[in-house]
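These notes are about the structure you will find just below.
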Amino acid sequence: MIPNHVIKKSQQRMDPYQTEGFVLGKGSSTPKIMLIGEAPGRNEVERGEPFIGRAGDKLDDFLTLAGLSREEIYITSVVRSRPYHIREKTNQDGTITRKTPNRAPNKKEMLAHAPLLDYQIQHLQPDIIVTLGNVALKRLLGDSYKITEVHGELLYQPIYYLQDDKDTTYTKTEQSYSIYPTFHPASVFYRQVLQETIEKDFTNLRHLLS
Ligand code: URA
């Protein structure tokens, strides 16, 4: 459903940056809910699907609490390629071990894939956009928003989009959107206390939907 020229252009825009692969969003073409994550990880770029592996399993548990299945929602992310660091270590025998762990996308990478996310939001027109973590929240509402302050609250506001793909700053939409921020499901792997908080947010989402 995303035209090929939009995809091709976005892939070219990402060329200068240290990222790999490309994962399109997935789900319903008439979604009540659109989930926006950060960027795909290694498993996702290997399989070409968003949120699989450990973070995906967590997300599925939370979706169950909201009474939602993947088929009725749409899942995407701010950046669609995997941003990575290069870590090289010289071993005792002189050989070099190279690792390429995931990292959060930077502002330039977010800008490179902005036309893709903007296109999906405009064309899918979900009833509620659920941002997962600070990256998606700040991309749509700006840097003054913090997930710790607004998670679990239904906001209704204009969002940032790229008016022209040559722009380097975002513009606010005329239309207002319903935005429901919560934490990224992978955040529970390094802050276990967030499990309960995210469960509450998704349970509350179920009530908002009914
Ligand atoms: N995190 C994301 O934001 N998206 C994925 O697809 C996987 C992990």
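How things are named: the first chain in the structure tokens is A, the next is B, and so on; residues count from 1 in each chain; ligands count from 1 in the order shown.
Every protein or nucleic acid residue with an atom no more than 7 Å from range 201-204 of chain A, counting only C-alpha atoms and leaving out same-chain residues fewer than 2 positions away, appears here: A:Phe62, A:Leu63, A:Leu65, A:Ala66, A:Gly152, A:Thr182, A:Thr197, A:Ile198, A:Glu199, A:Arg206, A:His207, A:Leu208.
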Give me, as a Markdown table, each residue of chain A that comes within 7 Å of ligand 1, together with its shortest interatomic pair and the distance in Å at one decimal, counting only C-alpha atoms and all ligand atoms, with rows ordered by chain and rising residue number.
```
| residue | atom | partner | partner_atom_place_in_ligand_line | distance |
| --- | --- | --- | --- | --- |
| A:Gly37 | CA | ligand 1 | 3 (O) | 3.5 |
| A:Glu38 | CA | ligand 1 | 3 (O) | 3.5 |
| A:Ala39 | CA | ligand 1 | 3 (O) | 4.3 |
| A:Pro40 | CA | ligand 1 | 5 (C) | 3.9 |
| A:Gly41 | CA | ligand 1 | 7 (C) | 5.2 |
| A:Glu44 | CA | ligand 1 | 6 (O) | 5.7 |
| A:Glu49 | CA | ligand 1 | 6 (O) | 6.8 |
| A:Pro50 | CA | ligand 1 | 6 (O) | 3.5 |
| A:Phe51 | CA | ligand 1 | 6 (O) | 3.7 |
| A:Ile52 | CA | ligand 1 | 7 (C) | 6.5 |
| A:Ala55 | CA | ligand 1 | 8 (C) | 5.8 |
| A:Gly56 | CA | ligand 1 | 7 (C) | 6.7 |
| A:Ser77 | CA | ligand 1 | 3 (O) | 5.6 |
```
Serialized selection, N, CA, C and O atoms, as an mmCIF file, in the first residue's frame:
```
data_model
loop_
_atom_site.group_PDB
_atom_site.id
_atom_site.type_symbol
_atom_site.label_atom_id
_atom_site.label_comp_id
_atom_site.auth_asym_id
_atom_site.auth_seq_id
_atom_site.Cartn_x
_atom_site.Cartn_y
_atom_site.Cartn_z
ATOM 1 N N GLY A 37 6.858 2.024 16.787
ATOM 2 C CA GLY A 37 8.055 1.711 17.573
ATOM 3 C C GLY A 37 9.200 2.630 17.185
ATOM 4 O O GLY A 37 8.991 3.735 16.654
ATOM 5 N N GLU A 38 10.419 2.138 17.425
ATOM 6 C CA GLU A 38 11.608 2.973 17.253
ATOM 7 C C GLU A 38 12.293 2.631 15.921
ATOM 8 O O GLU A 38 12.318 3.442 15.005
ATOM 9 N N ALA A 39 12.807 1.436 15.839
ATOM 10 C CA ALA A 39 13.496 0.967 14.634
ATOM 11 C C ALA A 39 13.584 -0.545 14.744
ATOM 12 O O ALA A 39 13.599 -1.079 15.856
ATOM 13 N N PRO A 40 13.665 -1.250 13.622
ATOM 14 C CA PRO A 40 13.773 -2.703 13.727
ATOM 15 C C PRO A 40 15.115 -3.120 14.317
ATOM 16 O O PRO A 40 16.104 -2.378 14.228
ATOM 17 N N GLY A 41 15.145 -4.291 14.913
ATOM 18 C CA GLY A 41 16.390 -4.876 15.407
ATOM 19 C C GLY A 41 16.851 -5.954 14.438
ATOM 20 O O GLY A 41 16.318 -6.098 13.338
ATOM 21 N N GLU A 44 14.235 -8.551 13.224
ATOM 22 C CA GLU A 44 13.235 -7.952 12.346
ATOM 23 C C GLU A 44 13.788 -7.770 10.922
ATOM 24 O O GLU A 44 13.098 -8.075 9.963
ATOM 25 N N GLU A 49 10.001 -8.408 9.210
ATOM 26 C CA GLU A 49 8.718 -8.192 9.914
ATOM 27 C C GLU A 49 8.953 -7.366 11.165
ATOM 28 O O GLU A 49 9.956 -7.575 11.849
ATOM 29 N N PRO A 50 8.010 -6.453 11.482
ATOM 30 C CA PRO A 50 8.230 -5.655 12.700
ATOM 31 C C PRO A 50 7.937 -6.454 13.975
ATOM 32 O O PRO A 50 7.077 -7.344 13.972
ATOM 33 N N PHE A 51 8.666 -6.140 15.011
ATOM 34 C CA PHE A 51 8.422 -6.694 16.349
ATOM 35 C C PHE A 51 8.271 -8.208 16.381
ATOM 36 O O PHE A 51 7.192 -8.745 16.667
ATOM 37 N N ILE A 52 9.375 -8.886 16.058
ATOM 38 C CA ILE A 52 9.406 -10.317 16.313
ATOM 39 C C ILE A 52 10.554 -10.522 17.302
ATOM 40 O O ILE A 52 11.226 -9.575 17.668
ATOM 41 N N ALA A 55 11.254 -8.670 21.931
ATOM 42 C CA ALA A 55 10.406 -7.475 22.088
ATOM 43 C C ALA A 55 9.015 -7.742 21.518
ATOM 44 O O ALA A 55 8.003 -7.270 22.053
ATOM 45 N N GLY A 56 8.978 -8.531 20.449
ATOM 46 C CA GLY A 56 7.700 -8.866 19.818
ATOM 47 C C GLY A 56 6.831 -9.729 20.725
ATOM 48 O O GLY A 56 5.606 -9.529 20.801
ATOM 49 N N SER A 77 7.333 1.767 12.558
ATOM 50 C CA SER A 77 8.320 2.407 13.440
ATOM 51 C C SER A 77 8.834 3.696 12.804
ATOM 52 O O SER A 77 8.643 3.924 11.606
#
```
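From CA of Thr76 in chain A back to CA of Pro16 in chain A, the distance works out to 22.0 Å.
Taking only C-alpha atoms into account, Glu149 in chain A lies nearest to A:Asn134 out of the set A:Asn134, A:Gln163, A:Gln18, A:Thr64.
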Name the residues of chain A that come out as alpha helix (DSSP H) in a backbone DSSP run; write them as a PyMOL selection string.
-> chain A and resi 4-14+42-47+53-66+107-112+114-124+134-141+147-150+187-190+194-209
Looking only at the backbone, which of the residues in range 1-168 of chain A does DSSP tag as strand (DSSP E or B), as a compact mmCIF listing (two decimals) with all heavy atoms, in the first residue's frame?
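Below is the file out-v9.txt, written as the result:
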```txt
# COMPACT_ATOMS: atom_id res chain seq x y z
N THR A 19 23.07 2.04 8.91
CA THR A 19 21.89 1.21 9.19
C THR A 19 21.89 0.07 8.18
O THR A 19 22.58 0.13 7.17
CB THR A 19 20.58 2.01 9.01
OG1 THR A 19 20.43 2.37 7.63
CG2 THR A 19 20.54 3.25 9.87
N GLU A 20 21.10 -0.96 8.46
CA GLU A 20 20.98 -2.05 7.48
C GLU A 20 19.54 -2.53 7.38
O GLU A 20 18.76 -2.38 8.33
CB GLU A 20 21.88 -3.22 7.88
CG GLU A 20 21.45 -3.87 9.17
CD GLU A 20 22.13 -5.20 9.44
OE1 GLU A 20 23.07 -5.56 8.74
OE2 GLU A 20 21.68 -5.88 10.39
N LYS A 26 3.36 -3.49 9.06
CA LYS A 26 2.52 -4.65 8.79
C LYS A 26 1.19 -4.55 9.54
O LYS A 26 1.16 -4.07 10.67
CB LYS A 26 3.27 -5.91 9.26
CG LYS A 26 2.63 -7.17 8.73
CD LYS A 26 3.48 -8.39 8.94
CE LYS A 26 2.69 -9.58 8.42
NZ LYS A 26 3.18 -10.84 8.87
N GLY A 27 0.13 -5.01 8.89
CA GLY A 27 -1.15 -5.09 9.58
C GLY A 27 -2.33 -4.69 8.72
O GLY A 27 -2.24 -4.71 7.49
N ILE A 33 -6.00 1.04 15.51
CA ILE A 33 -4.80 1.43 16.25
C ILE A 33 -3.57 1.31 15.37
O ILE A 33 -3.42 0.30 14.67
CB ILE A 33 -4.59 0.43 17.43
CG1 ILE A 33 -5.79 0.38 18.35
CG2 ILE A 33 -3.31 0.72 18.20
CD1 ILE A 33 -5.90 1.56 19.27
N MET A 34 -2.72 2.32 15.42
CA MET A 34 -1.40 2.20 14.78
C MET A 34 -0.35 2.25 15.88
O MET A 34 -0.36 3.17 16.70
CB MET A 34 -1.16 3.34 13.79
CG MET A 34 0.23 3.29 13.18
SD MET A 34 0.58 4.74 12.17
CE MET A 34 0.00 4.18 10.61
N LEU A 35 0.52 1.25 15.92
CA LEU A 35 1.60 1.24 16.91
C LEU A 35 2.87 1.74 16.22
O LEU A 35 3.21 1.27 15.13
CB LEU A 35 1.91 -0.18 17.37
CG LEU A 35 0.91 -0.97 18.18
CD1 LEU A 35 1.58 -2.24 18.67
CD2 LEU A 35 0.42 -0.18 19.38
N ILE A 36 3.54 2.68 16.86
CA ILE A 36 4.80 3.18 16.28
C ILE A 36 5.96 2.90 17.24
O ILE A 36 6.02 3.43 18.35
CB ILE A 36 4.73 4.68 15.96
CG1 ILE A 36 3.50 4.98 15.08
CG2 ILE A 36 6.01 5.13 15.25
CD1 ILE A 36 3.33 6.44 14.71
N GLY A 37 6.86 2.02 16.79
CA GLY A 37 8.06 1.71 17.57
C GLY A 37 9.20 2.63 17.19
O GLY A 37 8.99 3.73 16.65
N TYR A 74 -2.09 -1.82 13.00
CA TYR A 74 -0.97 -1.66 12.06
C TYR A 74 0.28 -1.36 12.89
O TYR A 74 0.23 -0.52 13.79
CB TYR A 74 -1.25 -0.52 11.06
CG TYR A 74 -0.28 -0.55 9.92
CD1 TYR A 74 -0.53 -1.36 8.80
CD2 TYR A 74 0.91 0.17 9.95
CE1 TYR A 74 0.37 -1.44 7.76
CE2 TYR A 74 1.81 0.10 8.91
CZ TYR A 74 1.53 -0.70 7.81
OH TYR A 74 2.43 -0.79 6.78
N ILE A 75 1.37 -2.06 12.60
CA ILE A 75 2.60 -1.85 13.37
C ILE A 75 3.68 -1.28 12.47
O ILE A 75 3.97 -1.81 11.41
CB ILE A 75 3.11 -3.18 13.98
CG1 ILE A 75 2.01 -3.86 14.80
CG2 ILE A 75 4.34 -2.93 14.84
CD1 ILE A 75 2.44 -5.17 15.44
N THR A 76 4.26 -0.19 12.91
CA THR A 76 5.34 0.42 12.13
C THR A 76 6.38 1.02 13.09
O THR A 76 6.31 0.79 14.30
CB THR A 76 4.76 1.46 11.14
OG1 THR A 76 5.80 1.93 10.30
CG2 THR A 76 4.11 2.64 11.85
N SER A 77 7.33 1.77 12.56
CA SER A 77 8.32 2.41 13.44
C SER A 77 8.83 3.70 12.80
O SER A 77 8.64 3.92 11.61
CB SER A 77 9.48 1.44 13.74
OG SER A 77 10.03 0.98 12.54
N ARG A 82 17.77 -0.98 10.46
CA ARG A 82 18.38 -1.19 11.79
C ARG A 82 19.62 -0.33 11.97
O ARG A 82 20.64 -0.55 11.31
CB ARG A 82 18.77 -2.66 11.96
CG ARG A 82 19.40 -2.96 13.32
CD ARG A 82 19.72 -4.42 13.48
NE ARG A 82 21.00 -4.79 12.94
CZ ARG A 82 22.15 -4.80 13.61
NH1 ARG A 82 22.19 -4.44 14.88
NH2 ARG A 82 23.27 -5.16 13.03
N PRO A 83 19.55 0.65 12.90
CA PRO A 83 20.76 1.44 13.20
C PRO A 83 21.69 0.60 14.09
O PRO A 83 21.23 -0.07 15.00
CB PRO A 83 20.22 2.64 13.99
CG PRO A 83 18.72 2.58 13.88
CD PRO A 83 18.38 1.15 13.66
N TYR A 84 22.99 0.63 13.77
CA TYR A 84 23.92 -0.17 14.59
C TYR A 84 25.22 0.59 14.85
O TYR A 84 25.57 1.52 14.14
CB TYR A 84 24.21 -1.52 13.91
CG TYR A 84 24.83 -1.41 12.54
CD1 TYR A 84 26.22 -1.38 12.37
CD2 TYR A 84 24.04 -1.33 11.41
CE1 TYR A 84 26.79 -1.27 11.11
CE2 TYR A 84 24.60 -1.22 10.14
CZ TYR A 84 25.97 -1.19 10.00
OH TYR A 84 26.53 -1.06 8.75
N ARG A 87 31.55 -2.33 16.91
CA ARG A 87 32.46 -2.54 18.04
C ARG A 87 33.49 -3.58 17.62
O ARG A 87 33.11 -4.72 17.32
CB ARG A 87 31.67 -3.10 19.24
CG ARG A 87 30.60 -2.18 19.75
CD ARG A 87 31.11 -1.38 20.94
NE ARG A 87 30.07 -0.50 21.45
CZ ARG A 87 29.87 0.76 21.02
NH1 ARG A 87 30.63 1.26 20.07
NH2 ARG A 87 28.92 1.49 21.55
N GLU A 88 34.75 -3.17 17.61
CA GLU A 88 35.78 -4.13 17.23
C GLU A 88 36.70 -4.38 18.41
O GLU A 88 37.09 -3.45 19.11
CB GLU A 88 36.58 -3.61 16.03
CG GLU A 88 35.80 -3.79 14.75
CD GLU A 88 36.54 -3.36 13.51
OE1 GLU A 88 37.56 -2.66 13.63
OE2 GLU A 88 36.07 -3.73 12.41
N LYS A 89 37.04 -5.66 18.63
CA LYS A 89 37.90 -6.01 19.75
C LYS A 89 39.04 -6.88 19.23
O LYS A 89 38.80 -7.83 18.47
CB LYS A 89 37.06 -6.81 20.76
CG LYS A 89 37.71 -7.00 22.10
CD LYS A 89 36.80 -7.75 23.05
CE LYS A 89 37.48 -9.06 23.40
NZ LYS A 89 36.64 -10.15 23.70
N THR A 90 40.28 -6.49 19.60
CA THR A 90 41.40 -7.33 19.18
C THR A 90 41.61 -8.43 20.22
O THR A 90 41.77 -8.16 21.41
CB THR A 90 42.68 -6.47 19.04
OG1 THR A 90 42.36 -5.36 18.19
CG2 THR A 90 43.82 -7.27 18.42
N ILE A 96 40.50 -10.13 15.06
CA ILE A 96 39.57 -9.06 15.45
C ILE A 96 38.14 -9.60 15.47
O ILE A 96 37.71 -10.25 14.52
CB ILE A 96 39.70 -7.86 14.50
CG1 ILE A 96 41.08 -7.21 14.71
CG2 ILE A 96 38.60 -6.82 14.73
CD1 ILE A 96 41.41 -6.12 13.73
N THR A 97 37.45 -9.34 16.58
CA THR A 97 36.04 -9.72 16.64
C THR A 97 35.23 -8.44 16.42
O THR A 97 35.47 -7.43 17.08
CB THR A 97 35.68 -10.32 18.03
OG1 THR A 97 36.59 -11.37 18.28
CG2 THR A 97 34.26 -10.83 18.05
N ARG A 98 34.30 -8.52 15.49
CA ARG A 98 33.50 -7.35 15.15
C ARG A 98 32.06 -7.60 15.57
O ARG A 98 31.48 -8.64 15.23
CB ARG A 98 33.57 -7.17 13.64
CG ARG A 98 33.04 -5.87 13.13
CD ARG A 98 33.36 -5.86 11.63
NE ARG A 98 33.20 -4.54 11.06
CZ ARG A 98 32.12 -4.15 10.40
NH1 ARG A 98 31.11 -4.97 10.24
NH2 ARG A 98 32.07 -2.93 9.89
N LYS A 99 31.51 -6.67 16.32
CA LYS A 99 30.10 -6.77 16.70
C LYS A 99 29.35 -5.54 16.20
O LYS A 99 29.95 -4.46 16.12
CB LYS A 99 29.96 -6.90 18.21
CG LYS A 99 30.43 -8.24 18.71
CD LYS A 99 29.95 -8.52 20.10
CE LYS A 99 30.28 -9.96 20.46
NZ LYS A 99 30.33 -10.17 21.89
N ASN A 102 22.60 -3.11 18.09
CA ASN A 102 21.58 -2.10 17.78
C ASN A 102 21.88 -0.81 18.53
O ASN A 102 22.48 -0.83 19.60
CB ASN A 102 20.20 -2.54 18.30
CG ASN A 102 19.69 -3.79 17.62
OD1 ASN A 102 20.17 -4.19 16.57
ND2 ASN A 102 18.69 -4.41 18.23
N ILE A 128 -6.52 5.71 16.86
CA ILE A 128 -5.54 6.06 17.92
C ILE A 128 -4.15 5.64 17.48
O ILE A 128 -3.95 4.52 16.97
CB ILE A 128 -5.88 5.36 19.26
CG1 ILE A 128 -7.27 5.76 19.74
CG2 ILE A 128 -4.82 5.67 20.32
CD1 ILE A 128 -7.70 5.12 21.06
N ILE A 129 -3.18 6.53 17.67
CA ILE A 129 -1.77 6.18 17.42
C ILE A 129 -1.12 5.91 18.77
O ILE A 129 -1.12 6.77 19.65
CB ILE A 129 -1.03 7.35 16.73
CG1 ILE A 129 -1.64 7.62 15.35
CG2 ILE A 129 0.46 7.04 16.61
CD1 ILE A 129 -1.07 8.86 14.66
N VAL A 130 -0.61 4.69 18.94
CA VAL A 130 0.08 4.34 20.19
C VAL A 130 1.57 4.46 19.93
O VAL A 130 2.13 3.73 19.11
CB VAL A 130 -0.29 2.91 20.65
CG1 VAL A 130 0.50 2.53 21.90
CG2 VAL A 130 -1.79 2.79 20.90
N THR A 131 2.22 5.42 20.60
CA THR A 131 3.67 5.55 20.44
C THR A 131 4.34 4.69 21.51
O THR A 131 3.98 4.74 22.69
CB THR A 131 4.12 7.02 20.58
OG1 THR A 131 3.62 7.55 21.81
CG2 THR A 131 3.59 7.88 19.44
N LEU A 132 5.32 3.90 21.06
CA LEU A 132 6.02 3.00 21.98
C LEU A 132 7.40 3.58 22.29
O LEU A 132 8.31 3.47 21.47
CB LEU A 132 6.16 1.61 21.34
CG LEU A 132 4.85 0.92 20.95
CD1 LEU A 132 5.13 -0.34 20.13
CD2 LEU A 132 4.04 0.55 22.20
N LEU A 155 -3.93 11.80 24.32
CA LEU A 155 -3.73 13.19 23.92
C LEU A 155 -4.41 13.42 22.57
O LEU A 155 -4.53 12.48 21.78
CB LEU A 155 -2.22 13.49 23.79
CG LEU A 155 -1.35 13.05 24.96
CD1 LEU A 155 0.13 13.14 24.59
CD2 LEU A 155 -1.62 13.93 26.20
N TYR A 156 -4.84 14.63 22.32
CA TYR A 156 -5.46 14.93 21.03
C TYR A 156 -4.82 16.21 20.50
O TYR A 156 -5.06 17.29 21.04
CB TYR A 156 -6.97 15.10 21.21
CG TYR A 156 -7.71 15.32 19.91
CD1 TYR A 156 -7.76 14.31 18.94
CD2 TYR A 156 -8.33 16.53 19.63
CE1 TYR A 156 -8.42 14.51 17.74
CE2 TYR A 156 -9.00 16.74 18.42
CZ TYR A 156 -9.04 15.72 17.49
OH TYR A 156 -9.70 15.91 16.29
N GLN A 157 -3.97 16.07 19.50
CA GLN A 157 -3.14 17.19 19.08
C GLN A 157 -2.69 17.08 17.64
O GLN A 157 -2.64 15.99 17.10
CB GLN A 157 -1.80 17.14 19.84
CG GLN A 157 -1.88 16.74 21.23
CD GLN A 157 -0.82 17.46 22.03
OE1 GLN A 157 0.03 18.10 21.47
NE2 GLN A 157 -0.91 17.37 23.31
N TYR A 160 3.88 16.39 14.31
CA TYR A 160 4.92 16.87 13.40
C TYR A 160 5.01 15.98 12.17
O TYR A 160 4.93 14.76 12.27
CB TYR A 160 6.28 16.89 14.10
CG TYR A 160 6.44 18.09 14.99
CD1 TYR A 160 6.53 17.96 16.37
CD2 TYR A 160 6.50 19.36 14.44
CE1 TYR A 160 6.66 19.07 17.18
CE2 TYR A 160 6.64 20.49 15.25
CZ TYR A 160 6.72 20.33 16.61
OH TYR A 160 6.85 21.42 17.41
N TYR A 161 5.15 16.62 11.01
CA TYR A 161 5.40 15.88 9.76
C TYR A 161 6.34 16.70 8.89
O TYR A 161 6.58 17.88 9.18
CB TYR A 161 4.07 15.59 9.02
CG TYR A 161 3.50 16.76 8.26
CD1 TYR A 161 3.45 16.76 6.87
CD2 TYR A 161 3.02 17.90 8.92
CE1 TYR A 161 2.93 17.85 6.16
CE2 TYR A 161 2.50 18.97 8.22
CZ TYR A 161 2.47 18.94 6.83
OH TYR A 161 1.96 20.00 6.14
```
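Using only C-alpha atoms, the smallest distance between any of A:Leu124, A:His113, A:His184, A:Leu194 and Leu162 in chain A comes from A:His113.
Shortest atom-to-atom contact with Phe22 in chain A among A:Gln122, A:Ser210, A:Ser10, A:Thr169: A:Ser10, counting only C-alpha atoms.
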Tell me, as a ChimeraX atom specification, which residues lie within 7 Å of Gly21 in chain A, counting only C-alpha atoms; anything in the same chain fewer than 2 positions away does not count.
-> /A:23,45,81-82
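Nearest residue to Gln125 in chain A, choosing from A:Arg13, A:Pro31, A:Tyr145, A:Thr100 and counting only C-alpha atoms: A:Pro31.
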Taking only C-alpha atoms into account, which of A:Leu59, A:Leu154, A:Val78, A:Val193 comes nearest Glu109 in chain A?
-> A:Val78
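Each of A:Arg80, A:Lys8, A:Lys166, A:Gly67 was checked against Pro105 in chain A using only C-alpha atoms; the smallest atom-to-atom distance is that of A:Arg80.
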Who sits within 10 Å of Lys107 in chain A, only C-alpha atoms, same chain under 2 positions skipped, as a PDB file with all heavy atoms, in the first residue's frame:
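Output contents, as saved in selection05.pdb:
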```pdb
ATOM      1  N   ALA A 104      19.816   3.319  19.174  1.00  0.00           N
ATOM      2  CA  ALA A 104      18.619   4.123  18.872  1.00  0.00           C
ATOM      3  C   ALA A 104      18.894   4.941  17.611  1.00  0.00           C
ATOM      4  O   ALA A 104      20.031   5.346  17.366  1.00  0.00           O
ATOM      5  CB  ALA A 104      18.313   5.052  20.037  1.00  0.00           C
ATOM      6  N   PRO A 105      17.872   5.193  16.787  1.00  0.00           N
ATOM      7  CA  PRO A 105      18.091   6.023  15.600  1.00  0.00           C
ATOM      8  C   PRO A 105      18.409   7.463  15.998  1.00  0.00           C
ATOM      9  O   PRO A 105      17.905   7.957  17.011  1.00  0.00           O
ATOM     10  CB  PRO A 105      16.748   5.951  14.865  1.00  0.00           C
ATOM     11  CG  PRO A 105      15.745   5.531  15.878  1.00  0.00           C
ATOM     12  CD  PRO A 105      16.473   4.748  16.931  1.00  0.00           C
ATOM     13  N   GLU A 109      18.570  10.136  10.845  1.00  0.00           N
ATOM     14  CA  GLU A 109      17.936   8.898  10.371  1.00  0.00           C
ATOM     15  C   GLU A 109      16.411   9.001  10.482  1.00  0.00           C
ATOM     16  O   GLU A 109      15.669   8.529   9.618  1.00  0.00           O
ATOM     17  CB  GLU A 109      18.473   7.705  11.174  1.00  0.00           C
ATOM     18  CG  GLU A 109      19.938   7.433  10.867  1.00  0.00           C
ATOM     19  CD  GLU A 109      20.691   6.682  11.948  1.00  0.00           C
ATOM     20  OE1 GLU A 109      20.141   6.473  13.065  1.00  0.00           O
ATOM     21  OE2 GLU A 109      21.849   6.321  11.699  1.00  0.00           O
ATOM     22  N   MET A 110      15.967   9.652  11.547  1.00  0.00           N
ATOM     23  CA  MET A 110      14.526   9.843  11.709  1.00  0.00           C
ATOM     24  C   MET A 110      13.966  10.722  10.587  1.00  0.00           C
ATOM     25  O   MET A 110      12.878  10.469  10.062  1.00  0.00           O
ATOM     26  CB  MET A 110      14.237  10.449  13.094  1.00  0.00           C
ATOM     27  CG  MET A 110      14.467   9.428  14.196  1.00  0.00           C
ATOM     28  SD  MET A 110      14.772  10.140  15.815  1.00  0.00           S
ATOM     29  CE  MET A 110      13.206  10.793  16.216  1.00  0.00           C
ATOM     30  N   LEU A 111      14.746  11.734  10.237  1.00  0.00           N
ATOM     31  CA  LEU A 111      14.338  12.635   9.158  1.00  0.00           C
ATOM     32  C   LEU A 111      14.328  11.890   7.810  1.00  0.00           C
ATOM     33  O   LEU A 111      13.439  12.092   6.979  1.00  0.00           O
ATOM     34  CB  LEU A 111      15.324  13.807   9.106  1.00  0.00           C
ATOM     35  CG  LEU A 111      14.892  15.077   8.439  1.00  0.00           C
ATOM     36  CD1 LEU A 111      13.785  15.784   9.221  1.00  0.00           C
ATOM     37  CD2 LEU A 111      16.087  16.035   8.306  1.00  0.00           C
ATOM     38  N   ALA A 112      15.319  11.014   7.624  1.00  0.00           N
ATOM     39  CA  ALA A 112      15.411  10.264   6.358  1.00  0.00           C
ATOM     40  C   ALA A 112      14.145   9.439   6.118  1.00  0.00           C
ATOM     41  O   ALA A 112      13.656   9.359   5.001  1.00  0.00           O
ATOM     42  CB  ALA A 112      16.645   9.366   6.378  1.00  0.00           C
ATOM     43  N   VAL A 135      11.272   7.736  21.484  1.00  0.00           N
ATOM     44  CA  VAL A 135      11.643   8.110  20.112  1.00  0.00           C
ATOM     45  C   VAL A 135      10.391   8.448  19.304  1.00  0.00           C
ATOM     46  O   VAL A 135      10.304   9.512  18.675  1.00  0.00           O
ATOM     47  CB  VAL A 135      12.474   6.982  19.447  1.00  0.00           C
ATOM     48  CG1 VAL A 135      12.643   7.235  17.957  1.00  0.00           C
ATOM     49  CG2 VAL A 135      13.848   6.881  20.101  1.00  0.00           C
ATOM     50  N   ARG A 139       9.128  12.209  18.114  1.00  0.00           N
ATOM     51  CA  ARG A 139       9.022  12.411  16.655  1.00  0.00           C
ATOM     52  C   ARG A 139       7.655  13.038  16.308  1.00  0.00           C
ATOM     53  O   ARG A 139       7.553  13.907  15.468  1.00  0.00           O
ATOM     54  CB  ARG A 139       9.225  11.059  15.956  1.00  0.00           C
ATOM     55  CG  ARG A 139       8.780  10.941  14.527  1.00  0.00           C
ATOM     56  CD  ARG A 139       9.564  11.827  13.567  1.00  0.00           C
ATOM     57  NE  ARG A 139       9.116  11.566  12.205  1.00  0.00           N
ATOM     58  CZ  ARG A 139       8.006  12.089  11.664  1.00  0.00           C
ATOM     59  NH1 ARG A 139       7.268  12.945  12.349  1.00  0.00           N
ATOM     60  NH2 ARG A 139       7.671  11.787  10.436  1.00  0.00           N
ATOM     61  N   THR A 168      14.405  20.264   6.632  1.00  0.00           N
ATOM     62  CA  THR A 168      15.161  19.623   7.710  1.00  0.00           C
ATOM     63  C   THR A 168      14.486  19.878   9.050  1.00  0.00           C
ATOM     64  O   THR A 168      14.988  19.483  10.092  1.00  0.00           O
ATOM     65  CB  THR A 168      16.620  20.144   7.761  1.00  0.00           C
ATOM     66  OG1 THR A 168      16.565  21.576   7.776  1.00  0.00           O
ATOM     67  CG2 THR A 168      17.425  19.672   6.571  1.00  0.00           C
TER      68      THR A 168
END
```
